[in-house]
Each structure stands twice: as C-alpha cells, then as structure tokens.
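Below: the structure, in structure tokens.
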Amino acid sequence: EASNIGSADPPEGSTILLVRHGQTEWNVAGRYQGTQDSPLTKDGVQQAVALGERLKRRRSKVDFVCSSDLPRAKKTAEIIAKMIGYPVDEVKVFEGLRERGFGLFEGCTRAEVQERYPEELAQSRKFNLHYKVPGGESRQQVLDRSLPVLDQIAHARQGKGGVAVVVSHGGVVSLVLRELLGIPWGAPTKGELRILNTSICDMERESDGRWSIRSIGDTAHCE
C-alpha cells in the first residue's frame, strides 16, 4: 500500500527518501532549468501536498527534511514539511543538491537548443561524464558535489531509525541512481530511471557506507 513505503527501517541503517521537486512552469514549457528557476505550478503544489499526505501516514516517522538551495526544491520541501508537521523553518538547504548547471541551454526549449546549439546538444547526448555545456557542469561534477551531501546526511542519522526526506532535481537523482546501481554510463535504461515530479526513490545507507535502493520513481501519491 502506498502509505507503507519503506516502513521496515532497520535501526542500524539510515533511510533517505530522495524526491524530485514538484512540477514547475518551465517543466510544462519543456525548458531547461538547471541552476535557474521557475515557480511551481498549481499541479506542482498539489503534488507536494499529496506527497506530504502520504508521508504523514508512514509507519516510520519522517524526522528530517532538507532540499537543494534552488527555490523550486525548497518550496516543495516546505510544503511537505508543513503537511507532516515538521517545522518549516528547520528545513535545511544544501547547495550540493542543486540541479546540474546546463549553461547555454538554460531557459531554452529543446527545439531552441537544437536550433541554436546543435553541436553542444550532440555532445551532451553522448553521456560523456566529463563533458560540460559551455557555462555549465559535467555529470561528474554533479556527482562529486551531491554524493558527499547524501553521505553526510545519512551518516549523521545512522542508527537513529527515522527517515530523511531530501528534495532535489531530476538530473541529480538520475545521476546518483546510475552511480549507486552501477549502471554503465550511456547504457539504455528503458525508462526505469525516469524521474517524474515528486517521485520517491527509497534508499538506505548501511553502517558500512554501502547504499541499497529499495524503490525508484514511486509516484503512487499522484495517481
């Protein structure tokens, strides 16, 4: 049942629910957001509310809420916090969880990027870990800043038995999952790593530092 997601939390581990932010205006328009921002839509707010309602019914209490420093993620986290009774002013923000910088592409639609920057787009689609769109970041740079933050959050909570909600971005979540699952870079995933707005990835960090992934892209609260 949806409300029981990840309900059996081993006390020696640290459970993190890695969540993508709610739908934004640029998501609807198909624009690259990256480190720029656009407001949550009405649907995006409702997605966050629905997720908060779901988390409120969990058997294992959510006792830590944080997000990237970008407004769309922070707003999603604050809505979730309010719904579950977590103090909104205690929602922590981490710059390391922000979306990958897409440089020249930011603010453009896919069609505009194809028209204006065809060579850069072709390079970015090759899934080279180290390629950077001019003015942006490589996939490796995103991993180098986001994974330590997740380790830090999980390590600080080791053995406490509670659950942390971490609100980030689709690009970050998919990169982290590929890395932790050992999926070869560039290998097709047939949609398994499609990270929709407010989807949940239920993760656990063991006491020895290893990560296990319980579920990916769960959006039962939006159905």
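By convention in this document, the chains of the structure tokens carry letters A, B, ... by their order, each chain's residues are numbered from 1, and ligands are numbered from 1 in the order they are shown.
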Which residues of segment 90-203 of chain A have any atom within 9 Å of an atom in segment 26-37 of chain A when counting only C-alpha atoms, and what is the closest pair of atoms for each, with the distance in Å to one decimal? Order the rows by chain and rising number and write it as JSON lines.
{"residue": "A:Arg98", "atom": "CA", "partner": "A:Thr35", "partner_atom": "CA", "distance": 7.0}
{"residue": "A:Glu99", "atom": "CA", "partner": "A:Gly34", "partner_atom": "CA", "distance": 5.3}
{"residue": "A:Arg100", "atom": "CA", "partner": "A:Gly34", "partner_atom": "CA", "distance": 5.4}
{"residue": "A:Gly101", "atom": "CA", "partner": "A:Gly34", "partner_atom": "CA", "distance": 4.7}
{"residue": "A:Phe102", "atom": "CA", "partner": "A:Gly34", "partner_atom": "CA", "distance": 5.3}
{"residue": "A:Gly103", "atom": "CA", "partner": "A:Gly34", "partner_atom": "CA", "distance": 7.7}
{"residue": "A:Phe105", "atom": "CA", "partner": "A:Tyr32", "partner_atom": "CA", "distance": 6.1}
{"residue": "A:Glu106", "atom": "CA", "partner": "A:Tyr32", "partner_atom": "CA", "distance": 4.8}
{"residue": "A:Gly107", "atom": "CA", "partner": "A:Tyr32", "partner_atom": "CA", "distance": 5.4}
{"residue": "A:Cys108", "atom": "CA", "partner": "A:Arg31", "partner_atom": "CA", "distance": 5.1}
{"residue": "A:Thr109", "atom": "CA", "partner": "A:Arg31", "partner_atom": "CA", "distance": 4.2}
{"residue": "A:Arg110", "atom": "CA", "partner": "A:Arg31", "partner_atom": "CA", "distance": 6.6}
{"residue": "A:Gly136", "atom": "CA", "partner": "A:Gly34", "partner_atom": "CA", "distance": 8.6}
{"residue": "A:Gly171", "atom": "CA", "partner": "A:Gly34", "partner_atom": "CA", "distance": 8.7}
Taking the DSSP assignment computed from this structure's backbone, write out as a ChimeraX atom specification all residues of segment 5-196 of chain A that belong to alpha helix (DSSP H). /A:25-29,42-56,71-84,110-116,118-124,139-156,170-181
Skip segment 126-134 of chain A itself and residues of its chain fewer than 2 positions away, then list as a PyMOL selection string all residues within 8 Å of it, counting only C-alpha atoms. chain A and resi 102-105+120+122-124+136-141+185-186
List as a ChimeraX atom specification the protein and nucleic acid residues near segment 70-84 of chain A, meaning an atom at most 9 Å away when only C-alpha atoms are counted, but skip any in the same chain fewer than 2 places from it. /A:20-24,35-40,44-45,47-57,62,64-68,86-89,91-93,95,97-99,165-169,198
Prev. selection, N, CA and C atoms, output as a compact mmCIF listing (two decimals), in the first residue's frame:
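result.txt written:
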# COMPACT_ATOMS: atom_id res chain seq x y z
N ARG A 20 12.18 14.23 -6.21
CA ARG A 20 12.30 15.33 -7.17
C ARG A 20 11.25 16.39 -6.81
N HIS A 21 11.57 17.65 -7.04
CA HIS A 21 10.65 18.75 -6.76
C HIS A 21 9.35 18.63 -7.55
N GLY A 22 8.34 19.42 -7.16
CA GLY A 22 7.07 19.44 -7.87
C GLY A 22 7.19 20.10 -9.24
N GLN A 23 6.16 19.89 -10.05
CA GLN A 23 6.14 20.43 -11.41
C GLN A 23 6.27 21.96 -11.41
N THR A 24 7.05 22.48 -12.36
CA THR A 24 7.23 23.93 -12.49
C THR A 24 6.70 24.41 -13.84
N THR A 35 20.38 25.66 -13.12
CA THR A 35 20.51 26.45 -11.89
C THR A 35 19.61 27.68 -11.89
N GLN A 36 18.90 27.92 -13.01
CA GLN A 36 17.86 28.95 -12.99
C GLN A 36 16.60 28.34 -12.38
N ASP A 37 15.55 29.15 -12.28
CA ASP A 37 14.38 28.64 -11.58
C ASP A 37 13.10 29.15 -12.21
N SER A 38 12.01 28.43 -11.95
CA SER A 38 10.67 28.90 -12.29
C SER A 38 9.73 28.38 -11.22
N PRO A 39 8.59 29.06 -11.02
CA PRO A 39 7.71 28.70 -9.90
C PRO A 39 7.03 27.34 -10.09
N LEU A 40 6.64 26.75 -8.97
CA LEU A 40 5.80 25.55 -9.03
C LEU A 40 4.46 25.93 -9.65
N GLY A 44 2.02 21.34 -9.44
CA GLY A 44 3.23 21.06 -8.69
C GLY A 44 3.02 21.20 -7.19
N VAL A 45 2.28 22.22 -6.80
CA VAL A 45 1.94 22.40 -5.38
C VAL A 45 1.10 21.22 -4.89
N GLN A 47 1.02 18.20 -6.08
CA GLN A 47 1.86 17.01 -6.00
C GLN A 47 2.60 16.97 -4.66
N ALA A 48 3.13 18.12 -4.24
CA ALA A 48 3.85 18.18 -2.97
C ALA A 48 2.91 17.94 -1.80
N VAL A 49 1.70 18.49 -1.88
CA VAL A 49 0.70 18.27 -0.83
C VAL A 49 0.36 16.78 -0.74
N ALA A 50 0.14 16.15 -1.90
CA ALA A 50 -0.21 14.72 -1.93
C ALA A 50 0.91 13.88 -1.35
N LEU A 51 2.15 14.25 -1.66
CA LEU A 51 3.29 13.51 -1.10
C LEU A 51 3.36 13.69 0.41
N GLY A 52 3.13 14.92 0.87
CA GLY A 52 3.11 15.16 2.30
C GLY A 52 2.04 14.34 3.01
N GLU A 53 0.85 14.27 2.41
CA GLU A 53 -0.23 13.46 2.98
C GLU A 53 0.18 12.00 3.06
N ARG A 54 0.84 11.53 2.03
CA ARG A 54 1.29 10.14 2.02
C ARG A 54 2.32 9.87 3.11
N LEU A 55 3.28 10.78 3.22
CA LEU A 55 4.34 10.59 4.21
C LEU A 55 3.80 10.67 5.64
N LYS A 56 2.74 11.43 5.82
CA LYS A 56 2.12 11.56 7.14
C LYS A 56 1.57 10.22 7.62
N ARG A 57 1.24 9.34 6.68
CA ARG A 57 0.67 8.03 7.03
C ARG A 57 1.72 6.94 7.20
N VAL A 62 9.01 10.60 9.56
CA VAL A 62 9.96 11.50 8.91
C VAL A 62 10.42 12.51 9.95
N PHE A 64 13.50 14.41 9.44
CA PHE A 64 14.47 15.35 8.88
C PHE A 64 14.03 15.68 7.46
N VAL A 65 13.98 16.97 7.13
CA VAL A 65 13.58 17.41 5.80
C VAL A 65 14.60 18.43 5.31
N CYS A 66 15.08 18.23 4.08
CA CYS A 66 16.03 19.17 3.51
C CYS A 66 15.83 19.24 1.99
N SER A 67 16.54 20.15 1.36
CA SER A 67 16.39 20.31 -0.09
C SER A 67 17.63 20.96 -0.67
N SER A 68 17.64 21.06 -1.99
CA SER A 68 18.64 21.90 -2.64
C SER A 68 18.31 23.36 -2.32
N TYR A 86 6.33 19.00 10.36
CA TYR A 86 7.76 19.27 10.61
C TYR A 86 7.96 20.79 10.54
N PRO A 87 8.74 21.38 11.44
CA PRO A 87 8.91 22.84 11.44
C PRO A 87 9.49 23.35 10.12
N VAL A 88 8.75 24.19 9.43
CA VAL A 88 9.18 24.69 8.12
C VAL A 88 10.48 25.46 8.23
N ASP A 89 10.66 26.19 9.32
CA ASP A 89 11.89 26.98 9.45
C ASP A 89 13.12 26.13 9.76
N VAL A 91 13.75 23.37 7.84
CA VAL A 91 14.13 22.71 6.59
C VAL A 91 15.52 23.21 6.18
N LYS A 92 16.46 22.29 6.07
CA LYS A 92 17.83 22.65 5.72
C LYS A 92 17.99 22.69 4.19
N VAL A 93 18.90 23.54 3.72
CA VAL A 93 19.19 23.58 2.29
C VAL A 93 20.67 23.29 2.06
N GLU A 95 23.54 23.40 -1.08
CA GLU A 95 23.87 23.80 -2.44
C GLU A 95 24.30 22.60 -3.28
N LEU A 97 23.02 19.84 -3.57
CA LEU A 97 21.89 19.08 -4.11
C LEU A 97 21.22 19.79 -5.29
N ARG A 98 21.74 20.95 -5.70
CA ARG A 98 21.07 21.71 -6.76
C ARG A 98 21.21 21.00 -8.11
N GLU A 99 20.35 21.38 -9.04
CA GLU A 99 20.34 20.76 -10.35
C GLU A 99 21.65 21.02 -11.09
N VAL A 165 13.76 13.10 4.39
CA VAL A 165 13.25 13.46 3.06
C VAL A 165 14.21 14.48 2.47
N VAL A 166 14.74 14.16 1.29
CA VAL A 166 15.72 15.01 0.62
C VAL A 166 15.15 15.39 -0.74
N VAL A 167 14.84 16.67 -0.93
CA VAL A 167 14.22 17.12 -2.18
C VAL A 167 15.30 17.72 -3.09
N SER A 168 15.44 17.12 -4.27
CA SER A 168 16.46 17.56 -5.21
C SER A 168 15.84 17.68 -6.60
N HIS A 169 16.56 17.25 -7.62
CA HIS A 169 16.19 17.51 -9.01
C HIS A 169 16.36 16.26 -9.86
N THR A 198 7.97 14.94 -7.99
CA THR A 198 7.68 14.42 -6.64
C THR A 198 7.77 12.90 -6.55
Neighbouring residues of Arg214 of chain A were defined as those with any atom within 7 Å, considering only C-alpha atoms; residues of the same chain fewer than 2 positions away were excluded. Please report them as a PyMOL selection string. chain A and resi 202-203+212
Interatomic distance between atom CA of Val173 of chain A and atom CA of Gln46 of chain A? 21.1 Å
Identify, with DSSP run on backbone atoms, the residues in segment 101-216 of chain A assigned to strand (DSSP E), and express the list as a list in words.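 Those residues are Val163, Ala164, Val165, Val166, Val167, Ser168, Ile200, Cys201, Asp202, Met203, Glu204, Arg205, Trp211, Ser212, Ile213, Arg214, Ser215 and Ile216 of chain A.
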Could you take the residues named above and write them with C-alpha atoms, as an mmCIF file, in the first residue's frame?
data_model
loop_
_atom_site.group_PDB
_atom_site.id
_atom_site.type_symbol
_atom_site.label_atom_id
_atom_site.label_comp_id
_atom_site.auth_asym_id
_atom_site.auth_seq_id
_atom_site.Cartn_x
_atom_site.Cartn_y
_atom_site.Cartn_z
ATOM 1 C CA VAL A 163 13.549 8.861 7.873
ATOM 2 C CA ALA A 164 15.043 11.805 5.992
ATOM 3 C CA VAL A 165 13.253 13.463 3.063
ATOM 4 C CA VAL A 166 15.723 15.006 0.622
ATOM 5 C CA VAL A 167 14.225 17.122 -2.180
ATOM 6 C CA SER A 168 16.459 17.561 -5.207
ATOM 7 C CA ILE A 200 10.296 8.990 -4.438
ATOM 8 C CA CYS A 201 13.478 6.934 -4.503
ATOM 9 C CA ASP A 202 13.677 4.960 -1.257
ATOM 10 C CA MET A 203 17.329 4.460 -0.302
ATOM 11 C CA GLU A 204 19.226 3.076 2.656
ATOM 12 C CA ARG A 205 22.824 3.641 3.652
ATOM 13 C CA TRP A 211 23.879 2.080 -0.335
ATOM 14 C CA SER A 212 20.874 -0.050 -1.256
ATOM 15 C CA ILE A 213 17.950 1.134 -3.380
ATOM 16 C CA ARG A 214 14.520 -0.120 -2.318
ATOM 17 C CA SER A 215 12.383 1.635 -4.928
ATOM 18 C CA ILE A 216 12.785 4.079 -7.819
#
If you measure from atom CA of Gly96 of chain A to atom CA of Ser146 of chain A, what distance in Å do you get, rounded to one decimal?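 One can read the atom CA of Gly96 of chain A to atom CA of Ser146 of chain A distance as 5.0 Å.
Here atom CA of Asp43 of chain A stands at a distance of 27.8 Å from atom CA of Leu150 of chain A.
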